[in-house]
Every structure is written in structure tokens, then in C-alpha cells.
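Input: a single structure, listed below in C-alpha cells.
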Amino acid sequence: MKTIKTKIINFSLFLLSIILLVYCKPEVQESLKKLPQPITLEQDYPIQPVLFTAVKFEDKFWSKRLQTSKDVTIPFTLDQSEKSGRIKNFRIAAGHETGGFCSEYPFDDSDVFKILEGAAYVLMVEEDPDLEARVDSLIALIDEAQEDDGYLYTNRTILKDKPHVWAGTKRWELTHDLSHELYNLGHLIEAGVAHYYATGKRGLIDIAIKAADRVCEDFGPDKIVSYPGHQIIELALAKLYRATGDEKYLTTSEFLLESRNNGSEYSQSHIPVTQQREGVGHAVRGVYMYAGMADIAALRNNQAYIDAINSIWEDVVTKKMYITGGIGSTGHGEAFGAPYELPNMSAYCETCASIGNVYWNHRLFMLHGDAKYYDVLERSLYNGLLSGVGMSGDLFFYPNPLESHGQHERSPWFGCACCPSNVARFVPSVPSYFYAQKDDELFINLFASGTAEINIQNNPVQIRQETEYPWEGKILVDVSPERSEEFKIKLRIPGWSSNVVTPGGLYTFIDQSDDKVTLSVNGKAIDIQMEKGFAVINRKWKKGDKIELNLPMPVRRIKSHENLVTNKDKIAIQRGPLVYAAEWTDQEDKKVLNLVLNEGQHLEAKSNPDLLGGIYTIQGNAKGMSINENQNLVASDKSLTLIPYYAWAHRGAGEMLVWIPTKEENAKPTKNPTIASKSTVTGSHITKAIQAINDQMEPENSNDKSIIFYHWWPKKNTVEWLQYDFEKSVTVSEAAVYWFDDGPFGGTRIPAEWRILYKDGNEWKPVKAKSNYEIDTDRFCKVNFEPIETTAMRLEVTLPKDHASGVMEWKVK
């Protein structure tokens with residue numbers, strides 16, 4: 001039976017529908033008649049986004065990406081879900097096929113749900129009968145796989161009493177750890193709500209409601225008291241509350257957040273959420289939780305949540321965020337590191353974390369109306385996030401490093417495929433981040449050519465942007481209300497256009513730009529009235545009114561806070577919202593790690609419409625460092641070409657660099673070859689990082705993540721090996737190894753023991769050691785042995801108990 005509050009909400013929705021049908025254009029009226037709308041709530045964000053269904057791009061930048069997402073990414077990820085067994089899991093759970101669980105992780109259902117969400121967003125904007133039919137058939141399959149009481153987790157349904165070890169022996173037993181049952185259902189709910197709004201069909205949302213009802217029935221103060229080890233259901237339940245008006249979904253979301261205590265920093269469950277003040281643990285889980293807290297704060301007017309996420313935001317933005325907007329610096333735990341721990345070569349910066357960073361900052365903006373949150377959102381969107389998907393739409397990055405020796409390349413899929421499926425659902429929703437409104441205020445937050453149909457106090461208004469953004473900063477805005485009326489337009493003035501790189505000063509411009517932002521209305525320049533980072537224009541608008549905003553886009557040099565020692569005496573280059581990188585293929589000698597860029601060297605932007613989908617490069621001069629026969633550094637003049645960071649790794653594997661040294665001694669030129677560096681390296685575990693073994697990059701310590709390192713993680717308690725095959729037979733008598741050890745909170749330690757073997761004919765024999773095999777951190781550990789002549793050597797390593805081992809460099813002499 002409906003509560004009085006729900007009746008009031010539904011009546012308000014009814015009135016809203018009448019108003020919209022009266023004032024909207026005929027084609028919009030027809031759409032509104034067909035599709036359900038979100039419920040109007042008594043309490044929510046003071047600022048509301050203009051949904052992407054009302055925004056249409058006509059630009060050269062985003063339009064191509066949205067089309068590629070529709071034509072390539074979503075069909076491709078659905079195909080990969082089929083090939084990897086993710087969809088087959090639903091068939092087996094539904095009883096259509098027999099067999100065991102087909103994919104690698106027990107939470108793989110979530111990838112299918114995320115892709116369905118992305119498909120729903122596509123169907124909101126454009127009819128696609130083939131895609132809709134494919135989605136419908138998949139929804140029918142999910143419906144059959146769902147257990148009668150609403151529980152949906154194919155791993156347990158298929159394997160019954162012996163599911164994956166992460167899942168525990170019974171429902172919800174390990175939900176606080178690695179089962180991810182609630183994580184799965186969070187993505188199901190988000191997909192269900194999106195599909196309902198997109199098509200008006202109730203199939204998927206009814207499955208989601210049934211699953212959410214199961215969660216509400218099982219969790220609570222007098223029931224199961226636990227929390228999800230991987231957050232997402234918190235904000236998903238808030239979405240379901242908005243779609244249905246049913247209070248229990250919001251109450252359960254609150255309960256799951258409030259249950260976090262006495263757990264681990266890894267899952268942000270170490271202390272109550274209202275007491276948290278720092279970004280810690282798994283970065284994706286963190287930003288999903290902070291976004292969920294923002295939703296509860298908005299819907300419940302919860303000041304304690306607002307205080308917590310405000311403080312966490314300050315910590316992340318001022319101490320733990322990359323210049324690309326990426327977050328999560330360490331691969332161990334995919335986590336936030338310590339303050340100012342932002343290595344470039346080993347930067348993790350998971351694509352999902354950048355997506356979550358957008359979610360979080362968008363919600364903070366809707367709470368506070370401050371453009372600084374959009375400054376962070378835009379930085380992440382155009383740099384750290386876009387890097388995660390190739391322009392072809394079917395190649396992805398999981399980590400997004402800021403420096404590479406060539407060991408990084410995009411992949412079509414991953415065993416843990418959270419990033420490709422997350423990209424599939426995020427990119428189609430990008431238009432929803434461009435506009436927002438509050439009463440008589442219209443916020444223009446991002447810039448792209450196209451139109452938006454917006455209702456401002458029951459007055460339909462068309463906004464048309466014309467711009468070459470992000471390549472040029474001239475933005476023309478045509479404002480056409482159906483009837484002349486006074487309202488405010490707030491145009492975001494990006495921090496980078498007013499000499500602010502990031503809020504809080506983690507990154508700053510080396511010099512101040514004198515170029516001024518200009519603003520005019522109907523050809524007449526106006527003084528810019530600023531409010532929280534927005535230029536405010538309050539006037540009576542009429543059809544055909546025109547705004548012109550000019551954001552200067554000089555090439556800017558950026559430095560890091562002095563505590564960020566990784567970037568000491570280095571600069572990054574930015575133009576407009578885009579961070580730039582040097583990539584091997586654009587340089588004369590096909591190297592970039594040897595570059596030095598002095599402050600005085602001139603740099604200029606140049607349009608290259610035929611390069612990498614159409615980009616602006618930055619051209620200039622630099623120094624290239626090399627080492628001569630006497631082992632001395634030698635500098636030579638080089639031409640320099642930089643490309644937008646998001647566009648790297650499209651032309652083959654090679655060196656890449658964002659932070660360029662300003663001092664010659666900080667460059668990393670290729671050293672003269674040695675026996676080891678000329679060897680072919682193989683091993684018991686092959687990854688791209690195996691090239692670290694003989695790249696001649698010597699670390700400062702055993703946890704130096706500014707260079708590549710090789711490890712055997714997640715192997716433990718085994719004997720592993722690395723092998724050098726020499727160009728010809730050589731005589732050697734010494735080996736030195738620099739071990740990788742990522743400290744007490746990492747998973748890699750110095751080995752239990754090691755030894756050197758050499759190839760004698762077809763046999764491997766141990767060398768006759770003349771000294772002990774040294775095992776230590778932060779130095780080369782040596783062994784001397786009787787000289788042997790051989791064509792190949794092996795480094796055999798016994799891994800320590802319950803840990804892996806790793807190698808940063810292996811020399812032979």
C-alpha cells in the first residue's frame with residue numbers, strides 16, 4: 001500500500017508531466033508520452049543535470065566518440081562477454097545449458113549489466129532495432145537466471161554449495177570481502193533504471209526491483225549487518241529510490257554505508273564513513289562510495305556526509321591526483337598511495353577510477369554549485385579517462401601510466417573486464433555532464449558544438465553551441481527561449497584559463513598568463529561577474545540572443561608541489577583542458593626518455609587534422625641526451641612534437657613521457673650496450689615488464705616505482721626463473737641483482753634464496769660460487785663464481801613464504 005508521501009510524489013510527477021506536455025515541442029511531447037520520467041522528490045540535489053536525451057552533439061570531438069561507442073564498443077563488449085563465458089553463465093543458471101561457471105571471477109555478471117546500461121543510454125538517444133532486440137533477449141535470459149526470491153549471482157546458482165572461494169558457502173557470507181554479490185546487484189539496478197527510462201519497458205527494472213527487495217529483506221539492524229566489499233550498490237539504490245519513490249531503497253543504502261566500521265582501509269571500512277577524512281584504499285571502491293555518500297547527503301540533507309566527502313576531496317585533489325586527473329597511484333591494491341606518492345612509470349590510474357572521479361565530482365558540483373569540481377571533472381574526462389579507450393572503440397587500458405618504456409599497450413579485453421564494460425556504459429552518457437539547472441539558473445559546464453533543449457521555469461529554451469573546443473577556446477552560444485523571459489546563464493570559466501591548474505595548488509603554472517577571458521552578449525563586451533567559478537549573465541533573454549566566450553589557450557608549462565619529489569625539476573605541458581605527452585614515434589631518434597626541455601624554449605600549437613583523428617600537436621625544440629664512449633652525457637638539439645595524452649599508444653609500443661626533465665642529469669638516455677642489455681630475456685612468467693630486467697635503468701631503492709620492475713605476482717611459494725640468451729658465447733664470473741620489494745603493505749618481497757645456472761650443451765648447471773648469494777633491499781646483491789663460458793644463463797629464484805618476488809635489474813659481468 002502506498003504511503004501518503006509516495007502519493008504526493010506521484011501526483012507531483014503527474015502535474016510535471018502535464019506542464020511538460022503543454023510547453024514542449026510536438027516531437028518532445030510524443031517522447032514524453034512514451035517514456036517514464038524520474039520522480040520529483042521533496043529533497044534532492046539543489047542543482048539538477050540536464051539529461052543527455054536533451055543534448056545533441058554536432059562537433060568533431062565528442063560526436064565521433066559517441067558514434068564509435070554505439071557502433072563498435074557496445075557490440076564489441078557484448079561479443080566479448082559471449083566469448084568469455086559471461087553470458088553463458090546466465091544460460092547455465094537459467095537451465096538452458098549445462099556445465100560449470102565459465103568465466104574467471106565470481107562477479108563477472110557485473111560486466112554484462114554495465115554493458116546493458118550503456119546500451120540503454122544509446123537507445124535513449126537513437127532507435128536501433130537490432131541492438132534493442134539483442135538487449136531484450138539478454139534481459140529475458142537474466143530474468144530466467146534470477147532465483148525465485150530475487151537473488152541473482154550466477155556463480156552460486158551454478159555451483160550451488162561449492163561456489164568460488166571468494167563467495168563463501170552461503171549467501172552474503174563474504175559480501176564485505178570479495179564475493180561482490182552486492183556489487184553485482186548495484187550494476188544490475190543501474191542498468192534496470194537506465195533501461196526503464198530509455199524504453200519504457202519494465203523487464204530489467206522489475207528484475208532489479210526484485211533483487212533490491214531481496215537485499216532490503218536480508219540486510220538491516222535486526223538482520224544481516226554487513227557492507228559491500230566493493231561499493232556501487234549505495235548509489236544504485238539511490239537511483240532506484242528516485243525511480244520508484246520507495247523509501248526502503250534509500251534506507252537500505254544508508255544502512256550499508258553506516259555499517260562500515262572495523263574493517264580495512266582497502267575497502268574504506270576501517271572507520272565509520274562520517275569520520276573519514278582521507279582518500280585511502282582501493283581507488284575505484286572509494287570514489288563509488290563517496291559518490292553514494294553524496295547521493296544520501298542530497299536526499300537526506302546529511303551534513304555529516306557532506307563534511308566527510310568535502311574533506312576527502314581536499315585530500316585527494318591536493319595530494320593524491322595526477323595531472324591527468326587520474327587517481328589510484330599504486331598497483332598494489334589498485335589504491336590511493338600516501339600523500340604526494342605519485343610515480344609516473346608505475347602509475348596505476350585505473351580507467352574505472354577516472355570514471356568514478358567524474359561521478360564524484362559531478363555530484364559535489366550539484367551539491368555546492370562550485371566550478372572547481374568541474375575543473376577536476378574536465379581534467380579527468382579529457383585526459384585520464386579518455387586515455388582508457390582507443391579511438392577504434394575496441395582497445396582499452398586498465399592502468400593509465402604517465403611514462404612508458406614501451407611496455408604498455410591497449411588490450412581488447414581483460415580477465416577482470418571492469419574497465420571495458422565501464423567505458424561501454426560511460427561514454428554514451430557524456431552529454432549529461434554539459435548542462436545543469438537550478439530554478440532560474442542554467443549552468444553551461446562543458447563546451448561542444450550542438451544543441452540542448454532545456455525547460456527553464458516552464459519556458460522551453462534551445463541552447464546552441466558552436467565551438468572547436470577542446471582545440472580552440474572561442475565558444476558561441478545561441479540562446480532561444482520560446483518566450484522572452486529573465487533568467488541567469490552561468491558559464492563555467494575553467495581554472496586553467498585563469499592561471500589555476502588544479503584547486504589547492506598540487507600543480508601550478510610556472511608563469512602567469514596575461515591573456516584575458518572575454519565575454520560579450522549580442523556583440524557587446526560585458527564585464528564578467530564571477531560567482532564560484534562561473535560568469536553570471538542575468539538578463540531578459542529573447543530568441544536569437546548570442547553569447548561569445550573566449551578562453552585563451554596558450555601553451556602552458558606546469559610544475560608540481562615541492563613535496564611531489566617524483567616530478568622535481570620536471571615540467572608538464574598543457575593547452576586548454578588537454579595535457580600533452582611526448583611519444584616515441586614523433587621524435588627524430590624514436591626516443592623521449594632522453595629529452596630535456598628548458599623553460600625558455602618556445603612551444604606552439606599546430607593543427608594536424610589527419611593525425612590521430614584530428615588533433616593539435618605542440619611543436620618546439622628540446623635537447624636530446626646521449627652517452628658517449630667515455631660514459632659522459634652529451635646534449636644535442638632536437639625538434640620536439642607533443643600529442644594530447646589521451647591519444648598515445650595508437651601507433652605501436654614505444655617510449656612515452658608526460659613530465660619532461662628541465663635538467664640534463666635527470667634525463668634517461670640509453671646507456672652503452674652490455675652483455676646483459678644485448679641478451680634476449682625469457683622467464684617463467686612473461687609480461688611486457690620483463691624488459692625491465694636488462695633496460696639499464698638503475699633504481700634508487702627496491703620500491704622505486706619511477707622505473708619499470710618485473711615481478712612474479714600473484715605466484716607464491718614456488719621456484720621461478722629468468723633467462724639470458726647471449727648473442728654469442730661469453731665468459732662471465734659475476735651476477736648482480738637488484739630486487740624489487742614493495743614494503744610491508746605490498747605483496748612482493750626479496751626471495752628466500754636464489755642461484756645462478758649456466759647452459760652447458762643441453763644441460764643447466766649451477767655455477768660454482770666463490771661468495772655468498774647476497775639477499776638485501778636497496779642495493780645490487782652480488783655473487784662471484786668461477787668463470788664459465790656459456791651461451792645462456794638462468795637466475796633461479798625461490799619465492800618467499802606467502803609472497804612473490806621481483807627484479808628491477810640483473811647485471812652479468
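Naming scheme: A, B, ... for chains in displayed order of the C-alpha cells; residues 1 onward per chain; ligands 1 onward as shown.
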Nearby residues (only C-alpha atoms) at most 12 Å from Lys524 in chain A, same-chain spacing under 4 positions excluded, as a PyMOL selection string: chain A and resi 518-520+545-549
Polymer residues at most 9 Å from Lys88 in chain A, only C-alpha atoms, same-chain spacing of 5 or more positions, as a ChimeraX atom specification: /A:81-83,93,97,101-103
Exercise: Thr244 in chain A partners within 9 Å, only C-alpha atoms, chain neighbours under 3 positions left out, as a ChimeraX atom specification: /A:6,38-39,239-241,247
Against range 51-67 of chain A, which residues of range 355-432 of chain A fall within 10 Å? For each one I want the closest pair of atoms and the distance in Å (one decimal), counting only C-alpha atoms, rows by chain and increasing residue number, as JSON lines.
{"residue": "A:Leu386", "atom": "CA", "partner": "A:Arg65", "partner_atom": "CA", "distance": 9.8}
{"residue": "A:Val389", "atom": "CA", "partner": "A:Arg65", "partner_atom": "CA", "distance": 9.9}
{"residue": "A:Gly390", "atom": "CA", "partner": "A:Arg65", "partner_atom": "CA", "distance": 9.9}
{"residue": "A:Met391", "atom": "CA", "partner": "A:Arg65", "partner_atom": "CA", "distance": 7.5}
{"residue": "A:Ser392", "atom": "CA", "partner": "A:Arg65", "partner_atom": "CA", "distance": 9.0}
{"residue": "A:Gly393", "atom": "CA", "partner": "A:Arg65", "partner_atom": "CA", "distance": 8.0}
{"residue": "A:Val427", "atom": "CA", "partner": "A:Leu66", "partner_atom": "CA", "distance": 6.5}
{"residue": "A:Pro428", "atom": "CA", "partner": "A:Leu66", "partner_atom": "CA", "distance": 5.8}
{"residue": "A:Ser429", "atom": "CA", "partner": "A:Phe52", "partner_atom": "CA", "distance": 6.4}
{"residue": "A:Val430", "atom": "CA", "partner": "A:Phe52", "partner_atom": "CA", "distance": 7.3}
{"residue": "A:Pro431", "atom": "CA", "partner": "A:Phe52", "partner_atom": "CA", "distance": 4.7}
{"residue": "A:Ser432", "atom": "CA", "partner": "A:Phe52", "partner_atom": "CA", "distance": 4.1}
Every residue of range 204-389 of chain A that DSSP places in alpha helix (DSSP H), as a ChimeraX atom specification: /A:204-218,233-244,247-258,283-300,303-319,351-368,371-379
Neighbour list for Leu204 in chain A as a PyMOL selection string, cut-off 8 Å, only C-alpha atoms, skip fewer than 3 positions in-chain: chain A and resi 139+143+191-193+195-196+201+207-208
Phe396 in chain A surroundings by only C-alpha atoms, 9 Å radius, close-in-sequence under 5 positions cut, as a ChimeraX atom specification: /A:351,387-390,409-414,419-420,423
DSSP strand (DSSP E) residues within range 43-106 of chain A, listed as a PyMOL selection string: chain A and resi 48-49+55-57
Expected file contents, prior selection, C-alpha atoms, as a PDB file, in the first residue's frame:
ATOM      1  CA  GLN A  48      19.980  19.021 -11.391  1.00  0.00           C
ATOM      2  CA  PRO A  49      21.700  17.844 -14.587  1.00  0.00           C
ATOM      3  CA  VAL A  55      21.588  17.236 -25.588  1.00  0.00           C
ATOM      4  CA  LYS A  56      22.793  16.549 -29.117  1.00  0.00           C
ATOM      5  CA  PHE A  57      26.403  16.922 -30.208  1.00  0.00           C
TER       6      PHE A  57
END
Surrounding residues of Arg214 in chain A excluding itself and chain neighbours under 5 positions, 9 Å, only C-alpha atoms, as a list in words: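 The residues that qualify are Asp149, Gly150, Tyr151, Ile209 and Phe219 of chain A.
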How about saving the chosen residues, N, CA, C and O atoms kept, as a PDB file, in the first residue's frame?
ATOM      1  N   ASP A 149      13.420 -15.987  -5.295  1.00  0.00           N
ATOM      2  CA  ASP A 149      13.273 -14.971  -4.245  1.00  0.00           C
ATOM      3  C   ASP A 149      14.023 -13.676  -4.551  1.00  0.00           C
ATOM      4  O   ASP A 149      14.156 -12.815  -3.691  1.00  0.00           O
ATOM      5  N   GLY A 150      14.525 -13.546  -5.779  1.00  0.00           N
ATOM      6  CA  GLY A 150      15.173 -12.311  -6.192  1.00  0.00           C
ATOM      7  C   GLY A 150      16.681 -12.351  -6.211  1.00  0.00           C
ATOM      8  O   GLY A 150      17.322 -11.478  -6.800  1.00  0.00           O
ATOM      9  N   TYR A 151      17.299 -13.328  -5.556  1.00  0.00           N
ATOM     10  CA  TYR A 151      18.756 -13.429  -5.507  1.00  0.00           C
ATOM     11  C   TYR A 151      19.292 -13.694  -6.911  1.00  0.00           C
ATOM     12  O   TYR A 151      18.742 -14.518  -7.660  1.00  0.00           O
ATOM     13  N   ILE A 209      14.305  -4.558  -9.244  1.00  0.00           N
ATOM     14  CA  ILE A 209      13.479  -4.334  -8.047  1.00  0.00           C
ATOM     15  C   ILE A 209      13.382  -5.607  -7.210  1.00  0.00           C
ATOM     16  O   ILE A 209      13.496  -5.585  -5.986  1.00  0.00           O
ATOM     17  N   PHE A 219      19.118  -7.441   4.695  1.00  0.00           N
ATOM     18  CA  PHE A 219      20.044  -6.572   5.420  1.00  0.00           C
ATOM     19  C   PHE A 219      19.274  -5.560   6.256  1.00  0.00           C
ATOM     20  O   PHE A 219      18.279  -4.987   5.817  1.00  0.00           O
TER      21      PHE A 219
END
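Non-sequential neighbours of Glu181 in chain A (distance at most 10 Å, separation of 3 or more positions within a chain, only C-alpha atoms) are Pro106, Phe107, Asp109, Ser110, Tyr151, Leu152, Tyr153, Thr154, Asn155, Arg156, Ala167, Arg171, Trp172, Glu173, Leu174, Thr175, His176, Asp177, Leu178, Asn184, Leu185, Gly186, Pro228, Gly229, His230 and Ile233 of chain A.
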Residue nearest Val767 in chain A among A:Gly328, A:Val732, A:Thr798, A:Ala304 (counting only C-alpha atoms):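 Of A:Gly328, A:Val732, A:Thr798, A:Ala304, the one nearest Val767 in chain A is A:Val732, counting only C-alpha atoms.
For the residues A:Ala635, A:Ile327, A:Val358, A:Met530, ranking by smallest atom-to-atom distance to Asn344 in chain A using only C-alpha atoms places A:Ile327 first.
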Distance in Å - CA of Phe745 in chain A versus CA of Val317 in chain A: 23.5 Å
d(CA of Ser311 in chain A, CA of Arg277 in chain A) in Å: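 One can read the CA of Ser311 in chain A to CA of Arg277 in chain A distance as 5.1 Å.
Closest approach to Gln457 in chain A among A:Ile675, A:Cys352, A:Leu442, A:Leu41: A:Leu442, based on only C-alpha atoms.
Restricting the calculation to only C-alpha atoms, the smallest distance between Lys372 in chain A and any of A:Lys223, A:Lys532, A:Lys716, A:Lys438 is found for A:Lys532.
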Two-atom distance - CA of Ser449 in chain A, CA of Val479 in chain A (Å):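 Pair CA of Ser449 in chain A / CA of Val479 in chain A returns 13.5 Å.
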